[in-house]
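Student: So here's upload20.pdb, just PDB, C-alpha atoms and all ligand atoms:
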```
ATOM      1  CA  MET A  16      86.646 111.393 129.011
ATOM      2  CA  GLU A  17      87.492 111.771 125.344
ATOM      3  CA  SER A  18      88.961 109.406 122.767
ATOM      4  CA  LYS A  19      90.367 110.611 119.434
ATOM      5  CA  VAL A  20      90.053 107.135 117.951
ATOM      6  CA  LEU A  21      86.431 106.820 119.091
ATOM      7  CA  LYS A  22      85.644 110.212 117.520
ATOM      8  CA  ILE A  23      86.955 108.952 114.162
ATOM      9  CA  ILE A  24      84.948 105.738 114.582
ATOM     10  CA  GLN A  25      81.815 107.738 115.421
ATOM     11  CA  ASP A  26      82.193 110.070 112.434
ATOM     12  CA  ARG A  27      83.295 107.586 109.747
ATOM     13  CA  PHE A  28      80.868 106.267 107.165
ATOM     14  CA  SER A  29      81.279 104.364 103.913
ATOM     15  CA  VAL A  30      82.005 106.674 100.976
ATOM     16  CA  ARG A  31      80.873 105.468  97.550
ATOM     17  CA  ASP A  32      80.975 108.696  95.564
ATOM     18  CA  TYR A  33      84.426 110.073  94.839
ATOM     19  CA  GLU A  34      86.045 113.149  93.362
ATOM     20  CA  GLU A  35      88.394 112.444  90.481
ATOM     21  CA  ARG A  36      91.377 113.951  92.297
ATOM     22  CA  PRO A  37      93.998 111.361  93.188
ATOM     23  CA  VAL A  38      94.993 110.454  96.733
ATOM     24  CA  GLU A  39      98.481 111.800  97.445
ATOM     25  CA  GLN A  40     101.304 109.256  97.685
ATOM     26  CA  GLU A  41     102.194 110.593 101.129
ATOM     27  CA  LYS A  42      98.701 109.816 102.433
ATOM     28  CA  LEU A  43      98.668 106.396 100.782
ATOM     29  CA  ASP A  44     101.962 105.618 102.482
ATOM     30  CA  LEU A  45     100.494 106.486 105.897
ATOM     31  CA  ILE A  46      97.365 104.441 105.212
ATOM     32  CA  LEU A  47      99.460 101.414 104.202
ATOM     33  CA  GLU A  48     101.723 101.875 107.225
ATOM     34  CA  ALA A  49      98.620 101.568 109.417
ATOM     35  CA  ALA A  50      97.949  98.181 107.807
ATOM     36  CA  ARG A  51     101.558  97.068 108.185
ATOM     37  CA  LEU A  52     101.455  97.724 111.937
ATOM     38  CA  ALA A  53      98.230  95.780 112.536
ATOM     39  CA  PRO A  54      98.278  92.837 114.932
ATOM     40  CA  SER A  55      97.829  89.328 113.569
ATOM     41  CA  ALA A  56      97.599  85.800 114.945
ATOM     42  CA  SER A  57     101.124  84.766 116.057
ATOM     43  CA  ASN A  58     102.300  87.904 114.248
ATOM     44  CA  SER A  59     101.903  85.935 111.029
ATOM     45  CA  GLN A  60     101.180  89.098 108.945
ATOM     46  CA  PRO A  61      99.488  87.006 106.267
ATOM     47  CA  TRP A  62      98.614  89.976 104.043
ATOM     48  CA  HIS A  63      99.472  91.526 100.708
ATOM     49  CA  PHE A  64      97.961  94.770  99.446
ATOM     50  CA  TYR A  65      97.672  95.480  95.724
ATOM     51  CA  VAL A  66      97.220  99.229  95.337
ATOM     52  CA  VAL A  67      95.444  99.778  92.047
ATOM     53  CA  ARG A  68      95.533 103.305  90.589
ATOM     54  CA  ASP A  69      95.482 102.491  86.905
ATOM     55  CA  LYS A  70      92.104 103.788  85.649
ATOM     56  CA  GLN A  71      91.635 101.000  83.126
ATOM     57  CA  LYS A  72      92.393  98.279  85.686
ATOM     58  CA  ILE A  73      89.985  99.893  88.171
ATOM     59  CA  LYS A  74      87.246  99.888  85.517
ATOM     60  CA  GLU A  75      87.949  96.237  84.876
ATOM     61  CA  LEU A  76      87.923  95.494  88.618
ATOM     62  CA  SER A  77      84.414  96.849  88.850
ATOM     63  CA  GLY A  78      83.173  94.696  85.985
ATOM     64  CA  GLU A  79      81.034  91.604  86.174
ATOM     65  CA  MET A  80      80.377  90.454  89.756
ATOM     66  CA  PRO A  81      79.141  87.037  90.912
ATOM     67  CA  LEU A  82      75.760  86.184  89.367
ATOM     68  CA  GLY A  83      76.045  89.125  86.944
ATOM     69  CA  THR A  84      75.141  91.632  89.655
ATOM     70  CA  HIS A  85      77.523  94.404  88.617
ATOM     71  CA  LEU A  86      74.769  96.724  87.431
ATOM     72  CA  VAL A  87      73.244  97.160  90.864
ATOM     73  CA  ILE A  88      76.042  96.324  93.260
ATOM     74  CA  ASN A  89      79.423  97.954  93.544
ATOM     75  CA  SER A  90      79.464  99.806  90.219
ATOM     76  CA  PHE A  91      80.854 102.735  92.273
ATOM     77  CA  ILE A  92      84.240 100.983  92.289
ATOM     78  CA  ALA A  93      84.787 102.137  88.697
ATOM     79  CA  GLU A  94      84.972 105.799  89.788
ATOM     80  CA  ALA A  95      87.274 105.309  92.788
ATOM     81  CA  PRO A  96      90.754 106.783  92.291
ATOM     82  CA  VAL A  97      92.335 103.969  94.326
ATOM     83  CA  VAL A  98      91.274 100.393  94.961
ATOM     84  CA  ILE A  99      93.244  98.264  97.404
ATOM     85  CA  VAL A 100      92.905  94.537  96.856
ATOM     86  CA  ALA A 101      93.775  92.775 100.105
ATOM     87  CA  THR A 102      94.890  89.163  99.978
ATOM     88  CA  ALA A 103      95.869  86.587 102.573
ATOM     89  CA  GLY A 104      98.478  83.951 102.059
ATOM     90  CA  PRO A 105     100.218  81.829 101.396
ATOM     91  CA  ILE A 106      99.214  80.494 104.826
ATOM     92  CA  ASP A 107     101.989  78.290 106.230
ATOM     93  CA  LEU A 108     101.410  74.794 107.572
ATOM     94  CA  LEU A 109     101.621  75.876 111.233
ATOM     95  CA  HIS A 110      98.859  78.463 110.891
ATOM     96  CA  ARG A 111      96.792  76.248 108.627
ATOM     97  CA  SER A 112      96.964  73.428 111.226
ATOM     98  CA  ALA A 113      96.224  75.771 114.150
ATOM     99  CA  SER A 114      93.195  77.144 112.283
ATOM    100  CA  ALA A 115      91.995  73.639 111.505
ATOM    101  CA  ILE A 116      92.315  72.516 115.147
ATOM    102  CA  ILE A 117      90.198  75.325 116.554
ATOM    103  CA  ASN A 118      88.101  75.701 113.427
ATOM    104  CA  LYS A 119      88.742  79.435 112.970
ATOM    105  CA  LYS A 120      90.303  81.115 109.979
ATOM    106  CA  TRP A 121      92.402  83.680 111.808
ATOM    107  CA  TYR A 122      93.729  85.157 108.592
ATOM    108  CA  PHE A 123      90.261  86.573 107.913
ATOM    109  CA  VAL A 124      90.428  88.320 111.287
ATOM    110  CA  ASP A 125      93.988  89.525 110.586
ATOM    111  CA  LEU A 126      92.969  91.041 107.263
ATOM    112  CA  GLY A 127      89.890  92.608 108.841
ATOM    113  CA  ILE A 128      92.000  94.387 111.430
ATOM    114  CA  ALA A 129      94.557  95.599 108.866
ATOM    115  CA  LEU A 130      91.857  96.883 106.537
ATOM    116  CA  GLU A 131      90.026  98.719 109.284
ATOM    117  CA  HIS A 132      93.306 100.311 110.398
ATOM    118  CA  MET A 133      93.500 101.688 106.853
ATOM    119  CA  VAL A 134      89.889 102.863 106.897
ATOM    120  CA  LEU A 135      90.321 104.820 110.138
ATOM    121  CA  THR A 136      93.682 106.322 109.161
ATOM    122  CA  ALA A 137      92.256 107.341 105.796
ATOM    123  CA  TRP A 138      89.342 109.088 107.486
ATOM    124  CA  GLU A 139      91.684 110.998 109.771
ATOM    125  CA  LEU A 140      93.518 112.198 106.634
ATOM    126  CA  GLY A 141      90.274 113.322 104.990
ATOM    127  CA  VAL A 142      90.125 110.327 102.655
ATOM    128  CA  GLY A 143      86.902 108.321 102.347
ATOM    129  CA  SER A 144      86.744 104.578 101.852
ATOM    130  CA  CYS A 145      84.398 101.669 101.398
ATOM    131  CA  TRP A 146      84.898  98.001 102.121
ATOM    132  CA  VAL A 147      83.921  95.741  99.237
ATOM    133  CA  GLY A 148      83.146  92.122 100.011
ATOM    134  CA  TRP A 149      81.131  91.335  96.893
ATOM    135  CA  PHE A 150      83.616  90.659  94.092
ATOM    136  CA  ASP A 151      84.668  88.057  91.574
ATOM    137  CA  GLU A 152      87.846  86.604  93.081
ATOM    138  CA  LYS A 153      88.839  84.519  90.074
ATOM    139  CA  ARG A 154      88.625  87.464  87.694
ATOM    140  CA  ILE A 155      90.490  89.832  90.037
ATOM    141  CA  LYS A 156      93.326  87.350  90.563
ATOM    142  CA  LYS A 157      93.733  86.986  86.824
ATOM    143  CA  LEU A 158      93.516  90.725  86.194
ATOM    144  CA  LEU A 159      96.200  91.599  88.754
ATOM    145  CA  ASP A 160      98.307  88.478  88.303
ATOM    146  CA  ILE A 161      97.922  87.503  91.977
ATOM    147  CA  PRO A 162      99.802  84.302  92.911
ATOM    148  CA  ARG A 163      97.807  81.091  93.348
ATOM    149  CA  GLY A 164      98.590  80.756  97.073
ATOM    150  CA  GLU A 165      96.873  84.048  97.909
ATOM    151  CA  GLU A 166      93.174  84.465  98.638
ATOM    152  CA  VAL A 167      91.416  87.778  97.992
ATOM    153  CA  ILE A 168      89.713  88.716 101.265
ATOM    154  CA  ALA A 169      88.274  92.141 100.471
ATOM    155  CA  LEU A 170      88.673  95.276  98.402
ATOM    156  CA  LEU A 171      88.890  98.797  99.766
ATOM    157  CA  THR A 172      88.066 101.811  97.644
ATOM    158  CA  LEU A 173      89.722 105.090  98.591
ATOM    159  CA  GLY A 174      89.220 108.666  97.486
ATOM    160  CA  TYR A 175      88.038 112.138  98.332
ATOM    161  CA  PRO A 176      84.269 112.128  98.831
ATOM    162  CA  LYS A 177      82.192 114.317  96.508
ATOM    163  CA  ASP A 178      80.003 115.411  99.417
ATOM    164  CA  GLY A 179      82.732 115.865 102.021
ATOM    165  CA  LEU A 180      83.124 113.875 105.212
ATOM    166  CA  ILE A 181      80.176 115.283 107.107
ATOM    167  CA  PRO A 182      79.135 112.811 109.799
ATOM    168  CA  ARG A 183      75.660 111.333 109.531
ATOM    169  CA  PRO A 184      73.492 109.315 111.924
ATOM    170  CA  LYS A 185      74.494 105.674 112.304
ATOM    171  CA  ASN A 186      72.085 102.786 112.093
ATOM    172  CA  ARG A 187      73.393 100.464 114.795
ATOM    173  CA  LYS A 188      72.023  98.098 117.430
ATOM    174  CA  LYS A 189      71.767  99.441 120.956
ATOM    175  CA  ILE A 190      74.608  98.653 123.353
ATOM    176  CA  GLU A 191      72.201  96.645 125.599
ATOM    177  CA  GLU A 192      71.426  94.338 122.688
ATOM    178  CA  ILE A 193      75.024  93.384 122.075
ATOM    179  CA  VAL A 194      76.874  93.616 125.391
ATOM    180  CA  LYS A 195      76.543  91.447 128.456
ATOM    181  CA  PHE A 196      78.570  92.325 131.537
ATOM    182  CA  ILE A 197      79.205  89.225 133.609
TER     183      ILE A 197
HETATM  184  C1  LIG A 201      83.295  92.882 105.212
HETATM  185  C2  LIG A 201      82.501  94.011 104.595
HETATM  186  C3  LIG A 201      82.057  93.890 103.290
HETATM  187  C4  LIG A 201      81.365  94.945 102.687
HETATM  188  N1  LIG A 201      81.021  94.837 101.365
HETATM  189  C5  LIG A 201      80.434  95.880 100.751
HETATM  190  C6  LIG A 201      80.163  95.817  99.358
HETATM  191  O1  LIG A 201      80.450  94.843  98.676
HETATM  192  N2  LIG A 201      79.565  96.909  98.796
HETATM  193  C7  LIG A 201      79.260  98.041  99.511
HETATM  194  O2  LIG A 201      78.753  98.991  98.923
HETATM  195  N3  LIG A 201      79.511  98.120 100.840
HETATM  196  C8  LIG A 201      80.104  97.075 101.467
HETATM  197  N4  LIG A 201      80.402  97.160 102.820
HETATM  198  C9  LIG A 201      80.071  98.385 103.577
HETATM  199  C10 LIG A 201      78.879  98.172 104.527
HETATM  200  O3  LIG A 201      77.695  98.089 103.773
HETATM  201  C11 LIG A 201      78.827  99.321 105.519
HETATM  202  O4  LIG A 201      80.001  99.355 106.282
HETATM  203  C12 LIG A 201      77.629  99.193 106.497
HETATM  204  O5  LIG A 201      76.428  99.275 105.792
HETATM  205  C13 LIG A 201      77.647 100.265 107.577
HETATM  206  O6  LIG A 201      77.633 101.554 107.000
HETATM  207  P1  LIG A 201      78.800 102.621 107.281
HETATM  208  O7  LIG A 201      80.106 101.973 106.847
HETATM  209  O8  LIG A 201      78.466 103.804 106.427
HETATM  210  O9  LIG A 201      78.804 102.923 108.736
HETATM  211  C14 LIG A 201      81.071  96.125 103.430
HETATM  212  C15 LIG A 201      81.519  96.221 104.763
HETATM  213  C16 LIG A 201      82.234  95.203 105.325
HETATM  214  C17 LIG A 201      82.764  95.376 106.735
END
```
Kindly present the structure from the file in structure tokens form.
Ligand SMILES: Cc1cc2nc3c(=O)[nH]c(=O)nc-3n(C[C@H](O)[C@H](O)[C@H](O)COP(=O)(O)O)c2cc1C
Tutor:
Amino acid sequence: MESKVLKIIQDRFSVRDYEERPVEQEKLDLILEAARLAPSASNSQPWHFYVVRDKQKIKELSGEMPLGTHLVINSFIAEAPVVIVATAGPIDLLHRSASAIINKKWYFVDLGIALEHMVLTAWELGVGSCWVGWFDEKRIKKLLDIPRGEEVIALLTLGYPKDGLIPRPKNRKKIEEIVKFI
């Protein structure tokens, strides 16, 4: 049996080295459509996506990180032609209360699904990406004028990889370590 989606999942890897060439609007539209169609808790769709293409803003996005770690971590952001800043919120009272009752922040899950939809669609279109979870939320919100009620969940860099999209071996746990059939 074969699965096209699984093939993309098997081949994909994080791309941190990008060509300067921009990502076509048509491809960006498809990538964002994949996020729009993602499932979410109670179909709450708690997301906003800030698509940053302005070179200066991208440079500023990649600036100082928490604890002054920008020199070693995530400096690659500065060279990405596109950075998507994904936010959640404002979360309404119903979802806030439901999350509090079962002690799970579903909007984190919702954003994770939407972002990974983008990652996989991008790969299929020949566009590389990298999740970025290490960022300075306060500075990014100020830089992009993001409303107070929104929380930055993650960044996603996008662009054409300098070295192509040639699959490489994956460092993952074995299936027996993580799955239990009951
Ligand atoms: C939630 C999340 C946050 C991540 N944050 C960063 C990050 O800040 N910087 C980075 O270079 N990679 C980041 N990554 C990428 C992971 O390091 C990468 O997915 C993992 O090492 C597996 O490698 P692969 O994506 O090439 O298969 C992040 C991935 C996820 C899912």
Student: Which is closer to ligand LIG 201 (chain A) than all the others in A:Ser18, A:Asn58, A:Thr172, A:Ser29, using all atoms listed in the file?
Tutor: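 Ranked by minimum distance to ligand LIG 201 (chain A), first place goes to A:Ser29.
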Student: Could you list, as a list in words, every residue within 7 Å of range 142-156 of chain A, counting all atoms listed in the file and ignoring same-chain residues fewer than 2 positions away?
Tutor: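 Counting only the stated atoms, we get Ser29, Val30, Arg31, Leu76, Met80, Pro81, Val134, Ala137, Trp138, Leu140, Leu158, Leu159, Asp160, Ile161, Val167, Ala169, Leu170, Leu171, Thr172, Leu173, Gly174, Tyr175 and Pro176 of chain A.
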Student: Can you spell out as a PyMOL selection string the set of residues that the PyMOL selection byres (((chain A and resi 125) around 8) and not hetatm) selects in the structure I just provided?
Tutor: chain A and resi 53-56+60-61+121-124+126-129
Student: At what distance in Å, to one decimal, does atom O4 of ligand LIG 201 (chain A) lie from CA of Leu45 in chain A?
Tutor: 21.7 Å
Student: My list of candidates is A:Ala115, A:Ile106, A:Leu130, A:Val38. Which is closest to ligand LIG 201 (chain A) when distances are computed with all atoms listed in the file?
Tutor: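 Checking each candidate against ligand LIG 201 (chain A), we get A:Leu130 as the closest.
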Student: As an exercise, work out the distance from CA of Arg27 in chain A to CA of Gly141 in chain A in Å and give it to one decimal place.
Tutor: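 One can read the CA of Arg27 in chain A to CA of Gly141 in chain A distance as 10.2 Å.
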Student: Between CA of Glu94 in chain A and CA of Tyr33 in chain A, what is the distance in Å, rounded to a tenth?
Tutor: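 Answer for the CA of Glu94 in chain A to CA of Tyr33 in chain A separation: 6.6 Å.
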Student: Taking the file above as input, evaluate the PyMOL selection byres (((chain A and resi 63) around 10) and not hetatm) and report the hits as a list in words.
Tutor: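 In the shown coordinates, the PyMOL selection byres (((chain A and resi 63) around 10) and not hetatm) covers Ala50, Arg51, Gln60, Pro61, Trp62, Phe64, Tyr65, Val66, Ile99, Val100, Ala101, Thr102, Ala103, Gly104, Pro105, Leu126, Ile161, Glu165, Glu166 and Val167 of chain A.
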Student: Please determine, counting only C-alpha atoms and all ligand atoms, which residue among A:Ala113, A:Ala49, A:Ile92, A:Val20 has the shortest atom-to-atom distance to ligand LIG 201 (chain A).
Tutor: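 The answer is A:Ile92, which sits nearest to ligand LIG 201 (chain A).
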Student: In terms of the shortest atom-to-atom distance over only C-alpha atoms and all ligand atoms, which of A:Ile117, A:Ile88, A:Ile181, A:Ile190 is closest to ligand LIG 201 (chain A)?
Tutor: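 Answer, going by the shortest atom-to-atom distance: A:Ile88.
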Student: Could you give me range 91-106 of chain A completed to N, CA and C atoms, formatted as a PDB file, keeping the file's coordinate frame?
Tutor:
```
ATOM      1  N   PHE A  91      80.108 101.537  91.834  1.00  0.00           N
ATOM      2  CA  PHE A  91      80.854 102.735  92.273  1.00  0.00           C
ATOM      3  C   PHE A  91      82.366 102.512  92.247  1.00  0.00           C
ATOM      4  N   ILE A  92      82.794 101.276  92.288  1.00  0.00           N
ATOM      5  CA  ILE A  92      84.240 100.983  92.289  1.00  0.00           C
ATOM      6  C   ILE A  92      84.910 101.638  91.083  1.00  0.00           C
ATOM      7  N   ALA A  93      84.213 101.640  89.953  1.00  0.00           N
ATOM      8  CA  ALA A  93      84.787 102.137  88.697  1.00  0.00           C
ATOM      9  C   ALA A  93      85.263 103.582  88.802  1.00  0.00           C
ATOM     10  N   GLU A  94      84.632 104.372  89.676  1.00  0.00           N
ATOM     11  CA  GLU A  94      84.972 105.799  89.788  1.00  0.00           C
ATOM     12  C   GLU A  94      85.937 106.097  90.934  1.00  0.00           C
ATOM     13  N   ALA A  95      86.345 105.073  91.668  1.00  0.00           N
ATOM     14  CA  ALA A  95      87.274 105.309  92.788  1.00  0.00           C
ATOM     15  C   ALA A  95      88.680 105.545  92.250  1.00  0.00           C
ATOM     16  N   PRO A  96      89.386 106.552  92.779  1.00  0.00           N
ATOM     17  CA  PRO A  96      90.754 106.783  92.291  1.00  0.00           C
ATOM     18  C   PRO A  96      91.751 105.712  92.730  1.00  0.00           C
ATOM     19  N   VAL A  97      91.447 105.042  93.846  1.00  0.00           N
ATOM     20  CA  VAL A  97      92.335 103.969  94.326  1.00  0.00           C
ATOM     21  C   VAL A  97      91.475 102.791  94.783  1.00  0.00           C
ATOM     22  N   VAL A  98      91.905 101.602  94.408  1.00  0.00           N
ATOM     23  CA  VAL A  98      91.274 100.393  94.961  1.00  0.00           C
ATOM     24  C   VAL A  98      92.390  99.510  95.518  1.00  0.00           C
ATOM     25  N   ILE A  99      92.260  99.171  96.796  1.00  0.00           N
ATOM     26  CA  ILE A  99      93.244  98.264  97.404  1.00  0.00           C
ATOM     27  C   ILE A  99      92.632  96.864  97.443  1.00  0.00           C
ATOM     28  N   VAL A 100      93.339  95.939  96.830  1.00  0.00           N
ATOM     29  CA  VAL A 100      92.905  94.537  96.856  1.00  0.00           C
ATOM     30  C   VAL A 100      93.739  93.847  97.932  1.00  0.00           C
ATOM     31  N   ALA A 101      93.061  93.370  98.967  1.00  0.00           N
ATOM     32  CA  ALA A 101      93.775  92.775 100.105  1.00  0.00           C
ATOM     33  C   ALA A 101      93.694  91.254 100.014  1.00  0.00           C
ATOM     34  N   THR A 102      94.861  90.634 100.057  1.00  0.00           N
ATOM     35  CA  THR A 102      94.890  89.163  99.978  1.00  0.00           C
ATOM     36  C   THR A 102      95.541  88.580 101.224  1.00  0.00           C
ATOM     37  N   ALA A 103      95.216  87.333 101.493  1.00  0.00           N
ATOM     38  CA  ALA A 103      95.869  86.587 102.573  1.00  0.00           C
ATOM     39  C   ALA A 103      96.602  85.412 101.954  1.00  0.00           C
ATOM     40  N   GLY A 104      97.779  85.150 102.504  1.00  0.00           N
ATOM     41  CA  GLY A 104      98.478  83.951 102.059  1.00  0.00           C
ATOM     42  C   GLY A 104      99.810  84.237 101.416  1.00  0.00           C
ATOM     43  N   PRO A 105     100.579  83.223 101.083  1.00  0.00           N
ATOM     44  CA  PRO A 105     100.218  81.829 101.396  1.00  0.00           C
ATOM     45  C   PRO A 105     100.265  81.578 102.908  1.00  0.00           C
ATOM     46  N   ILE A 106      99.287  80.812 103.393  1.00  0.00           N
ATOM     47  CA  ILE A 106      99.214  80.494 104.826  1.00  0.00           C
ATOM     48  C   ILE A 106     100.100  79.269 105.079  1.00  0.00           C
TER      49      ILE A 106
END
```
